[in-house]
file input_27.tsv (TSV, N, CA and C atoms)
chain	number	residue	atom	x	y	z
A	1	MET	N	-20.32	-9.57	-57.87
A	1	MET	CA	-19.90	-9.88	-56.51
A	1	MET	C	-18.76	-10.89	-56.56
A	2	MET	N	-17.70	-10.62	-55.85
A	2	MET	CA	-16.54	-11.48	-55.86
A	2	MET	C	-16.71	-12.60	-54.85
A	3	GLY	N	-16.57	-13.85	-55.31
A	3	GLY	CA	-16.67	-14.99	-54.42
A	3	GLY	C	-15.31	-15.37	-53.88
A	4	VAL	N	-15.27	-16.47	-53.18
A	4	VAL	CA	-14.03	-16.93	-52.58
A	4	VAL	C	-12.99	-17.21	-53.65
A	5	SER	N	-13.42	-17.70	-54.80
A	5	SER	CA	-12.45	-18.08	-55.83
A	5	SER	C	-11.68	-16.89	-56.39
A	6	GLY	N	-12.17	-15.67	-56.21
A	6	GLY	CA	-11.48	-14.52	-56.75
A	6	GLY	C	-10.80	-13.67	-55.71
A	7	CYS	N	-10.63	-14.17	-54.51
A	7	CYS	CA	-10.13	-13.32	-53.44
A	7	CYS	C	-8.60	-13.28	-53.35
A	8	PHE	N	-7.89	-14.14	-54.05
A	8	PHE	CA	-6.44	-14.17	-53.95
A	8	PHE	C	-5.84	-13.86	-55.31
A	9	SER	N	-5.55	-12.62	-55.56
A	9	SER	CA	-5.07	-12.24	-56.88
A	9	SER	C	-3.67	-12.76	-57.18
A	10	SER	N	-2.81	-12.90	-56.18
A	10	SER	CA	-1.44	-13.35	-56.43
A	10	SER	C	-1.27	-14.86	-56.25
A	11	GLU	N	-2.33	-15.56	-55.94
A	11	GLU	CA	-2.26	-17.00	-55.73
A	11	GLU	C	-3.35	-17.69	-56.53
A	12	ALA	N	-3.25	-18.99	-56.60
A	12	ALA	CA	-4.31	-19.77	-57.22
A	12	ALA	C	-5.60	-19.57	-56.42
A	13	PRO	N	-6.73	-19.63	-57.09
A	13	PRO	CA	-8.01	-19.45	-56.38
A	13	PRO	C	-8.19	-20.50	-55.29
A	14	LEU	N	-8.88	-20.11	-54.25
A	14	LEU	CA	-9.21	-21.04	-53.17
A	14	LEU	C	-10.24	-22.02	-53.73
A	15	GLN	N	-9.92	-23.29	-53.67
A	15	GLN	CA	-10.75	-24.30	-54.31
A	15	GLN	C	-11.90	-24.76	-53.43
A	16	LEU	N	-13.08	-24.84	-54.04
A	16	LEU	CA	-14.26	-25.40	-53.39
A	16	LEU	C	-14.19	-26.91	-53.51
A	17	GLU	N	-14.30	-27.60	-52.38
A	17	GLU	CA	-14.27	-29.06	-52.36
A	17	GLU	C	-15.67	-29.59	-52.06
A	18	LYS	N	-16.02	-30.70	-52.69
A	18	LYS	CA	-17.30	-31.36	-52.44
A	18	LYS	C	-17.16	-32.25	-51.21
A	19	PRO	N	-18.22	-32.39	-50.42
A	19	PRO	CA	-18.13	-33.18	-49.18
A	19	PRO	C	-17.57	-34.59	-49.37
A	20	LYS	N	-18.04	-35.32	-50.36
A	20	LYS	CA	-17.56	-36.70	-50.54
A	20	LYS	C	-16.10	-36.73	-50.97
A	21	GLU	N	-15.64	-35.72	-51.70
A	21	GLU	CA	-14.22	-35.64	-52.06
A	21	GLU	C	-13.36	-35.41	-50.82
A	22	VAL	N	-13.83	-34.51	-49.94
A	22	VAL	CA	-13.11	-34.23	-48.70
A	22	VAL	C	-13.07	-35.48	-47.83
A	23	TYR	N	-14.16	-36.19	-47.76
A	23	TYR	CA	-14.21	-37.41	-46.96
A	23	TYR	C	-13.15	-38.41	-47.44
A	24	GLY	N	-13.04	-38.59	-48.74
A	24	GLY	CA	-12.03	-39.48	-49.29
A	24	GLY	C	-10.62	-39.00	-48.97
A	25	GLN	N	-10.41	-37.69	-49.04
A	25	GLN	CA	-9.09	-37.13	-48.71
A	25	GLN	C	-8.76	-37.33	-47.24
A	26	LEU	N	-9.77	-37.22	-46.38
A	26	LEU	CA	-9.55	-37.45	-44.95
A	26	LEU	C	-9.18	-38.91	-44.69
A	27	LEU	N	-9.90	-39.82	-45.32
A	27	LEU	CA	-9.62	-41.25	-45.13
A	27	LEU	C	-8.22	-41.62	-45.59
A	28	ASN	N	-7.73	-40.94	-46.61
A	28	ASN	CA	-6.41	-41.24	-47.16
A	28	ASN	C	-5.31	-40.33	-46.60
A	29	HIS	N	-5.66	-39.53	-45.62
A	29	HIS	CA	-4.71	-38.63	-44.95
A	29	HIS	C	-4.08	-37.60	-45.89
A	30	PHE	N	-4.86	-37.17	-46.90
A	30	PHE	CA	-4.39	-36.12	-47.81
A	30	PHE	C	-4.87	-34.74	-47.36
A	31	ALA	N	-5.84	-34.71	-46.45
A	31	ALA	CA	-6.41	-33.43	-46.03
A	31	ALA	C	-6.70	-33.47	-44.53
A	32	GLN	N	-6.91	-32.27	-44.00
A	32	GLN	CA	-7.33	-32.09	-42.61
A	32	GLN	C	-8.37	-30.97	-42.62
A	33	VAL	N	-9.33	-31.04	-41.74
A	33	VAL	CA	-10.42	-30.07	-41.71
A	33	VAL	C	-10.27	-29.16	-40.51
A	34	VAL	N	-10.49	-27.86	-40.74
A	34	VAL	CA	-10.52	-26.88	-39.66
A	34	VAL	C	-11.93	-26.29	-39.64
A	35	ASP	N	-12.61	-26.46	-38.51
A	35	ASP	CA	-13.98	-25.99	-38.34
A	35	ASP	C	-13.97	-24.59	-37.75
A	36	LEU	N	-14.51	-23.64	-38.50
A	36	LEU	CA	-14.49	-22.23	-38.11
A	36	LEU	C	-15.81	-21.74	-37.51
A	37	ARG	N	-16.75	-22.62	-37.33
A	37	ARG	CA	-18.08	-22.20	-36.85
A	37	ARG	C	-18.03	-21.76	-35.39
A	38	PRO	N	-19.04	-20.99	-34.96
A	38	PRO	CA	-19.11	-20.59	-33.55
A	38	PRO	C	-19.30	-21.82	-32.65
A	39	GLN	N	-18.82	-21.71	-31.41
A	39	GLN	CA	-18.94	-22.81	-30.44
A	39	GLN	C	-20.39	-23.29	-30.29
A	40	SER	N	-21.34	-22.38	-30.33
A	40	SER	CA	-22.75	-22.78	-30.16
A	40	SER	C	-23.18	-23.73	-31.27
A	41	ALA	N	-22.76	-23.48	-32.50
A	41	ALA	CA	-23.10	-24.36	-33.62
A	41	ALA	C	-22.40	-25.70	-33.49
A	42	ILE	N	-21.16	-25.67	-33.05
A	42	ILE	CA	-20.39	-26.90	-32.88
A	42	ILE	C	-21.03	-27.78	-31.81
A	43	LYS	N	-21.44	-27.18	-30.71
A	43	LYS	CA	-22.08	-27.96	-29.64
A	43	LYS	C	-23.41	-28.53	-30.10
A	44	GLU	N	-24.11	-27.80	-30.93
A	44	GLU	CA	-25.43	-28.24	-31.40
A	44	GLU	C	-25.35	-29.40	-32.39
A	45	THR	N	-24.40	-29.32	-33.33
A	45	THR	CA	-24.38	-30.30	-34.42
A	45	THR	C	-23.21	-31.26	-34.40
A	46	GLY	N	-22.15	-30.94	-33.66
A	46	GLY	CA	-20.94	-31.75	-33.69
A	46	GLY	C	-19.98	-31.23	-34.75
A	47	ILE	N	-18.95	-32.02	-35.04
A	47	ILE	CA	-17.93	-31.63	-36.02
A	47	ILE	C	-17.71	-32.77	-37.02
A	48	ILE	N	-17.06	-32.44	-38.11
A	48	ILE	CA	-16.61	-33.48	-39.03
A	48	ILE	C	-15.55	-34.28	-38.27
A	49	SER	N	-15.68	-35.58	-38.28
A	49	SER	CA	-14.77	-36.43	-37.51
A	49	SER	C	-13.31	-36.08	-37.77
A	50	GLY	N	-12.59	-35.82	-36.69
A	50	GLY	CA	-11.17	-35.51	-36.77
A	50	GLY	C	-10.84	-34.05	-37.02
A	51	SER	N	-11.85	-33.20	-37.07
A	51	SER	CA	-11.60	-31.77	-37.34
A	51	SER	C	-10.84	-31.10	-36.21
A	52	VAL	N	-10.11	-30.07	-36.59
A	52	VAL	CA	-9.50	-29.16	-35.63
A	52	VAL	C	-10.49	-28.01	-35.48
A	53	VAL	N	-10.91	-27.73	-34.26
A	53	VAL	CA	-11.86	-26.64	-34.03
A	53	VAL	C	-11.08	-25.34	-33.84
A	54	PHE	N	-11.47	-24.34	-34.63
A	54	PHE	CA	-10.87	-23.01	-34.53
A	54	PHE	C	-12.01	-22.01	-34.63
A	55	SER	N	-12.85	-22.05	-33.61
A	55	SER	CA	-14.08	-21.25	-33.58
A	55	SER	C	-13.79	-19.76	-33.47
A	56	LYS	N	-14.82	-18.98	-33.71
A	56	LYS	CA	-14.70	-17.52	-33.59
A	56	LYS	C	-14.15	-17.15	-32.22
A	57	GLU	N	-14.64	-17.80	-31.20
A	57	GLU	CA	-14.20	-17.51	-29.83
A	57	GLU	C	-12.71	-17.80	-29.67
A	58	GLU	N	-12.24	-18.89	-30.25
A	58	GLU	CA	-10.83	-19.25	-30.14
A	58	GLU	C	-9.93	-18.33	-30.97
A	59	ARG	N	-10.42	-17.88	-32.11
A	59	ARG	CA	-9.60	-17.01	-32.96
A	59	ARG	C	-9.29	-15.68	-32.29
A	60	ASN	N	-10.09	-15.28	-31.32
A	60	ASN	CA	-9.89	-14.01	-30.64
A	60	ASN	C	-8.95	-14.10	-29.44
A	61	SER	N	-8.49	-15.31	-29.11
A	61	SER	CA	-7.63	-15.44	-27.93
A	61	SER	C	-6.16	-15.28	-28.33
A	62	PRO	N	-5.34	-14.82	-27.37
A	62	PRO	CA	-3.91	-14.66	-27.66
A	62	PRO	C	-3.27	-15.99	-28.05
A	63	ASN	N	-2.33	-15.94	-28.96
A	63	ASN	CA	-1.59	-17.12	-29.41
A	63	ASN	C	-2.43	-18.16	-30.13
A	64	SER	N	-3.65	-17.82	-30.51
A	64	SER	CA	-4.54	-18.80	-31.14
A	64	SER	C	-3.97	-19.34	-32.45
A	65	TRP	N	-3.31	-18.47	-33.22
A	65	TRP	CA	-2.75	-18.91	-34.51
A	65	TRP	C	-1.60	-19.88	-34.30
A	66	ILE	N	-0.80	-19.65	-33.28
A	66	ILE	CA	0.30	-20.56	-32.97
A	66	ILE	C	-0.23	-21.92	-32.59
A	67	VAL	N	-1.26	-21.93	-31.75
A	67	VAL	CA	-1.88	-23.18	-31.32
A	67	VAL	C	-2.46	-23.92	-32.53
A	68	LEU	N	-3.16	-23.19	-33.40
A	68	LEU	CA	-3.74	-23.83	-34.58
A	68	LEU	C	-2.66	-24.44	-35.47
A	69	LYS	N	-1.65	-23.66	-35.81
A	69	LYS	CA	-0.60	-24.15	-36.70
A	69	LYS	C	0.12	-25.38	-36.12
A	70	ASN	N	0.25	-25.44	-34.81
A	70	ASN	CA	0.90	-26.59	-34.18
A	70	ASN	C	0.04	-27.85	-34.28
A	71	GLN	N	-1.24	-27.70	-34.55
A	71	GLN	CA	-2.14	-28.85	-34.69
A	71	GLN	C	-2.25	-29.35	-36.13
A	72	LEU	N	-1.67	-28.59	-37.06
A	72	LEU	CA	-1.82	-28.92	-38.47
A	72	LEU	C	-0.52	-29.46	-39.07
A	73	ASN	N	-0.68	-30.25	-40.12
A	73	ASN	CA	0.44	-30.83	-40.85
A	73	ASN	C	0.59	-30.07	-42.16
A	74	THR	N	1.73	-29.46	-42.39
A	74	THR	CA	1.94	-28.67	-43.60
A	74	THR	C	1.95	-29.53	-44.87
A	75	GLN	N	2.09	-30.82	-44.72
A	75	GLN	CA	2.09	-31.73	-45.88
A	75	GLN	C	0.69	-32.12	-46.32
A	76	ARG	N	-0.32	-31.76	-45.54
A	76	ARG	CA	-1.71	-32.10	-45.87
A	76	ARG	C	-2.50	-30.82	-46.13
A	77	LYS	N	-3.37	-30.87	-47.12
A	77	LYS	CA	-4.23	-29.73	-47.44
A	77	LYS	C	-5.15	-29.43	-46.26
A	78	VAL	N	-5.38	-28.16	-46.00
A	78	VAL	CA	-6.30	-27.72	-44.95
A	78	VAL	C	-7.62	-27.33	-45.62
A	79	VAL	N	-8.68	-28.04	-45.26
A	79	VAL	CA	-10.01	-27.73	-45.78
A	79	VAL	C	-10.78	-26.99	-44.69
A	80	LEU	N	-11.16	-25.77	-45.01
A	80	LEU	CA	-11.87	-24.92	-44.05
A	80	LEU	C	-13.37	-25.11	-44.20
A	81	VAL	N	-14.07	-25.16	-43.08
A	81	VAL	CA	-15.52	-25.30	-43.11
A	81	VAL	C	-16.14	-24.33	-42.11
A	82	SER	N	-17.23	-23.74	-42.50
A	82	SER	CA	-17.97	-22.85	-41.61
A	82	SER	C	-19.45	-23.01	-41.94
A	83	THR	N	-20.23	-22.05	-41.53
A	83	THR	CA	-21.66	-22.08	-41.85
A	83	THR	C	-21.88	-21.44	-43.21
A	84	LYS	N	-23.05	-21.62	-43.75
A	84	LYS	CA	-23.39	-20.97	-45.01
A	84	LYS	C	-23.22	-19.47	-44.86
A	85	ASN	N	-22.81	-18.82	-45.91
A	85	ASN	CA	-22.67	-17.36	-45.95
A	85	ASN	C	-21.59	-16.81	-45.01
A	86	ASP	N	-20.57	-17.59	-44.72
A	86	ASP	CA	-19.47	-17.10	-43.88
A	86	ASP	C	-18.16	-17.11	-44.67
A	87	GLN	N	-18.21	-16.68	-45.92
A	87	GLN	CA	-17.04	-16.69	-46.78
A	87	GLN	C	-15.95	-15.75	-46.29
A	88	LYS	N	-16.32	-14.68	-45.63
A	88	LYS	CA	-15.32	-13.72	-45.15
A	88	LYS	C	-14.36	-14.40	-44.17
A	89	THR	N	-14.89	-15.18	-43.26
A	89	THR	CA	-14.05	-15.89	-42.29
A	89	THR	C	-13.15	-16.88	-43.00
A	90	ILE	N	-13.70	-17.63	-43.94
A	90	ILE	CA	-12.91	-18.60	-44.69
A	90	ILE	C	-11.77	-17.90	-45.41
A	91	GLU	N	-12.05	-16.79	-46.07
A	91	GLU	CA	-11.02	-16.04	-46.79
A	91	GLU	C	-9.91	-15.56	-45.86
A	92	GLU	N	-10.29	-15.01	-44.70
A	92	GLU	CA	-9.30	-14.49	-43.75
A	92	GLU	C	-8.39	-15.60	-43.23
A	93	VAL	N	-8.99	-16.71	-42.83
A	93	VAL	CA	-8.19	-17.81	-42.28
A	93	VAL	C	-7.32	-18.43	-43.38
A	94	ALA	N	-7.87	-18.60	-44.57
A	94	ALA	CA	-7.09	-19.16	-45.68
A	94	ALA	C	-5.90	-18.28	-46.00
A	95	ARG	N	-6.10	-16.99	-46.01
A	95	ARG	CA	-5.01	-16.05	-46.32
A	95	ARG	C	-3.87	-16.21	-45.31
A	96	LYS	N	-4.20	-16.29	-44.04
A	96	LYS	CA	-3.16	-16.43	-43.01
A	96	LYS	C	-2.45	-17.78	-43.10
A	97	LEU	N	-3.22	-18.84	-43.33
A	97	LEU	CA	-2.60	-20.16	-43.43
A	97	LEU	C	-1.71	-20.26	-44.66
A	98	ARG	N	-2.16	-19.70	-45.77
A	98	ARG	CA	-1.34	-19.72	-46.99
A	98	ARG	C	-0.04	-18.94	-46.79
A	99	ALA	N	-0.11	-17.85	-46.07
A	99	ALA	CA	1.10	-17.06	-45.79
A	99	ALA	C	2.12	-17.87	-45.00
A	100	ASP	N	1.63	-18.88	-44.26
A	100	ASP	CA	2.52	-19.74	-43.47
A	100	ASP	C	2.83	-21.06	-44.17
A	101	GLY	N	2.51	-21.14	-45.47
A	101	GLY	CA	2.91	-22.30	-46.25
A	101	GLY	C	1.91	-23.44	-46.35
A	102	PHE	N	0.69	-23.25	-45.86
A	102	PHE	CA	-0.31	-24.31	-45.94
A	102	PHE	C	-1.08	-24.22	-47.25
A	103	LYS	N	-1.43	-25.36	-47.80
A	103	LYS	CA	-2.34	-25.43	-48.95
A	103	LYS	C	-3.75	-25.43	-48.38
A	104	THR	N	-4.63	-24.61	-48.96
A	104	THR	CA	-5.98	-24.51	-48.41
A	104	THR	C	-7.05	-24.70	-49.47
A	105	ALA	N	-8.21	-25.12	-49.01
A	105	ALA	CA	-9.42	-25.26	-49.81
A	105	ALA	C	-10.58	-25.03	-48.85
A	106	TYR	N	-11.79	-25.07	-49.36
A	106	TYR	CA	-12.92	-24.91	-48.46
A	106	TYR	C	-14.08	-25.80	-48.86
A	107	LEU	N	-14.89	-26.12	-47.89
A	107	LEU	CA	-16.12	-26.87	-48.07
A	107	LEU	C	-17.23	-25.84	-48.07
A	108	SER	N	-18.22	-25.99	-48.94
A	108	SER	CA	-19.24	-24.95	-49.07
A	108	SER	C	-19.89	-24.62	-47.73
A	109	SER	N	-20.14	-25.62	-46.90
A	109	SER	CA	-20.69	-25.38	-45.57
A	109	SER	C	-20.74	-26.69	-44.78
A	110	PHE	N	-20.85	-26.57	-43.48
A	110	PHE	CA	-21.03	-27.75	-42.65
A	110	PHE	C	-22.36	-28.42	-43.00
A	111	GLU	N	-23.35	-27.62	-43.34
A	111	GLU	CA	-24.67	-28.14	-43.70
A	111	GLU	C	-24.56	-29.07	-44.91
A	112	ALA	N	-23.68	-28.74	-45.87
A	112	ALA	CA	-23.49	-29.60	-47.05
A	112	ALA	C	-22.94	-30.96	-46.63
A	113	TRP	N	-22.05	-30.98	-45.64
A	113	TRP	CA	-21.51	-32.24	-45.12
A	113	TRP	C	-22.63	-33.08	-44.51
A	114	MET	N	-23.48	-32.43	-43.73
A	114	MET	CA	-24.60	-33.14	-43.10
A	114	MET	C	-25.57	-33.67	-44.15
A	115	GLU	N	-25.86	-32.87	-45.17
A	115	GLU	CA	-26.78	-33.29	-46.23
A	115	GLU	C	-26.23	-34.50	-46.99
A	116	ALA	N	-24.91	-34.63	-47.07
A	116	ALA	CA	-24.28	-35.78	-47.73
A	116	ALA	C	-24.25	-37.00	-46.82
A	117	LYS	N	-24.73	-36.83	-45.58
A	117	LYS	CA	-24.80	-37.92	-44.59
A	117	LYS	C	-23.43	-38.55	-44.31
A	118	LEU	N	-22.43	-37.69	-44.18
A	118	LEU	CA	-21.08	-38.15	-43.86
A	118	LEU	C	-20.87	-38.10	-42.35
A	119	PRO	N	-19.86	-38.80	-41.83
A	119	PRO	CA	-19.68	-38.93	-40.38
A	119	PRO	C	-19.49	-37.60	-39.64
A	120	ILE	N	-20.18	-37.53	-38.52
A	120	ILE	CA	-20.10	-36.38	-37.62
A	120	ILE	C	-19.77	-36.88	-36.23
A	121	GLN	N	-18.90	-36.16	-35.55
A	121	GLN	CA	-18.50	-36.49	-34.19
A	121	GLN	C	-19.14	-35.48	-33.25
A	122	LYS	N	-19.92	-35.96	-32.31
A	122	LYS	CA	-20.55	-35.06	-31.35
A	122	LYS	C	-19.54	-34.54	-30.35
A	123	GLN	N	-19.66	-33.27	-30.00
A	123	GLN	CA	-18.79	-32.64	-29.00
A	123	GLN	C	-19.50	-32.71	-27.66
A	124	LEU	N	-18.74	-32.97	-26.62
A	124	LEU	CA	-19.32	-33.02	-25.25
A	124	LEU	C	-19.38	-31.67	-24.63

call {"tool": "encode", "arguments": {"input": "input_27.tsv", "output": "structure tokens"}}
result
Amino acid sequence: MMGVSGCFSSEAPLQLEKPKEVYGQLLNHFAQVVDLRPQSAIKETGIISGSVVFSKEERNSPNSWIVLKNQLNTQRKVVLVSTKNDQKTIEEVARKLRADGFKTAYLSSFEAWMEAKLPIQKQL
């Protein structure tokens, strides 16, 4: 079974980042997080502090990619996060962002962030 690391044959593999490493990158402004989880999950648990939300519902709206790209800094790595077992979404979003010049990586899951007891921002 091919994992996320083998999905980009013409590019470097999409790198798995550990929660505490991502937290350090966020504090030092080396990375930015894009949360791909459904709105229901985001409302229930909150987001990683400072994340850009790009939920399933938002990805289906017109001009959503333009809005997302305008919120991101091409000089900072984009770390994608979703729920466990949602690698397909991570791969699709990473492929599109890479095509537009963004460096991408992924966090194994939002649950991993919570298990590491790192900061979460509640959504209203």

call {"tool": "residues_around", "arguments": {"input": "input_27.tsv", "residues": "stretch 38-42 of chain A", "least_positions_apart": "6", "cutoff": "8 Å", "atoms": "only C-alpha atoms", "output": "VMD selection string"}}
result
chain A and resid 55 to 57 123

call {"tool": "atom_distance", "arguments": {"input": "input_27.tsv", "atom1": "atom C of A:Gln71", "atom2": "atom CA of A:Ser51"}}
result
9.7 Å

call {"tool": "residues_around", "arguments": {"input": "input_27.tsv", "residues": "A:Gly101", "least_positions_apart": "6", "cutoff": "12 Å", "atoms": "only C-alpha atoms", "output": "ChimeraX atom specification"}}
result
/A:69,72-78,94-95

call {"tool": "residues_around", "arguments": {"input": "input_27.tsv", "residues": "stretch 106-119 of chain A", "least_positions_apart": "5", "cutoff": "5 Å", "atoms": "only N, CA and C atoms", "output": "MDAnalysis selection string"}}
result
chainID A and resid 15:17 49 79:84

call {"tool": "atom_distance", "arguments": {"input": "input_27.tsv", "atom1": "atom CA of A:Lys43", "atom2": "atom CA of A:Gln121"}}
result
10.3 Å

call {"tool": "atom_distance", "arguments": {"input": "input_27.tsv", "atom1": "atom N of A:Thr104", "atom2": "atom C of A:Leu14"}}
result
7.8 Å

call {"tool": "select_by_dssp", "arguments": {"input": "input_27.tsv", "residues": "chain A", "states": "alpha helix (DSSP H)", "output": "PyMOL selection string"}}
result
chain A and resi 19-27+39-45+56-59+64-71+87-99+110-115

call {"tool": "select_by_dssp", "arguments": {"input": "input_27.tsv", "residues": "stretch 1-110 of chain A", "states": "strand (DSSP E or B)", "output": "ChimeraX atom specification"}}
result
/A:15-17,31-35,47-48,52-53,77-81,104-107

call {"tool": "residues_near_point", "arguments": {"input": "input_27.tsv", "point": "(-15.6, -19.0, -40.3)", "cutoff": "6.5 Å", "atoms": "only N, CA and C atoms", "output": "PyMOL selection string"}}
result
chain A and resi 35-37+81-83+86+88-90

call {"tool": "decode", "arguments": {"input": "input_27.tsv", "residues": "stretch 63-81 of chain A", "atoms": "C-alpha atoms", "output": "PDB file, in the first residue's frame"}}
result
ATOM      1  CA  ASN A  63     -12.558  30.520  -5.755  1.00  0.00           C
ATOM      2  CA  SER A  64     -11.623  28.588  -2.604  1.00  0.00           C
ATOM      3  CA  TRP A  65      -8.067  27.927  -3.822  1.00  0.00           C
ATOM      4  CA  ILE A  66      -7.505  31.605  -4.567  1.00  0.00           C
ATOM      5  CA  VAL A  67      -8.718  32.544  -1.096  1.00  0.00           C
ATOM      6  CA  LEU A  68      -6.484  29.900   0.502  1.00  0.00           C
ATOM      7  CA  LYS A  69      -3.360  30.912  -1.415  1.00  0.00           C
ATOM      8  CA  ASN A  70      -3.919  34.566  -0.491  1.00  0.00           C
ATOM      9  CA  GLN A  71      -3.814  33.569   3.195  1.00  0.00           C
ATOM     10  CA  LEU A  72      -0.507  31.717   2.893  1.00  0.00           C
ATOM     11  CA  ASN A  73       3.107  32.875   2.742  1.00  0.00           C
ATOM     12  CA  THR A  74       5.148  31.146   0.029  1.00  0.00           C
ATOM     13  CA  GLN A  75       8.297  31.634   2.131  1.00  0.00           C
ATOM     14  CA  ARG A  76       6.936  29.423   4.931  1.00  0.00           C
ATOM     15  CA  LYS A  77       6.331  25.671   4.774  1.00  0.00           C
ATOM     16  CA  VAL A  78       2.664  24.649   4.737  1.00  0.00           C
ATOM     17  CA  VAL A  79       1.902  21.828   7.175  1.00  0.00           C
ATOM     18  CA  LEU A  80      -1.368  20.089   6.372  1.00  0.00           C
ATOM     19  CA  VAL A  81      -3.437  18.483   9.104  1.00  0.00           C
TER      20      VAL A  81
END
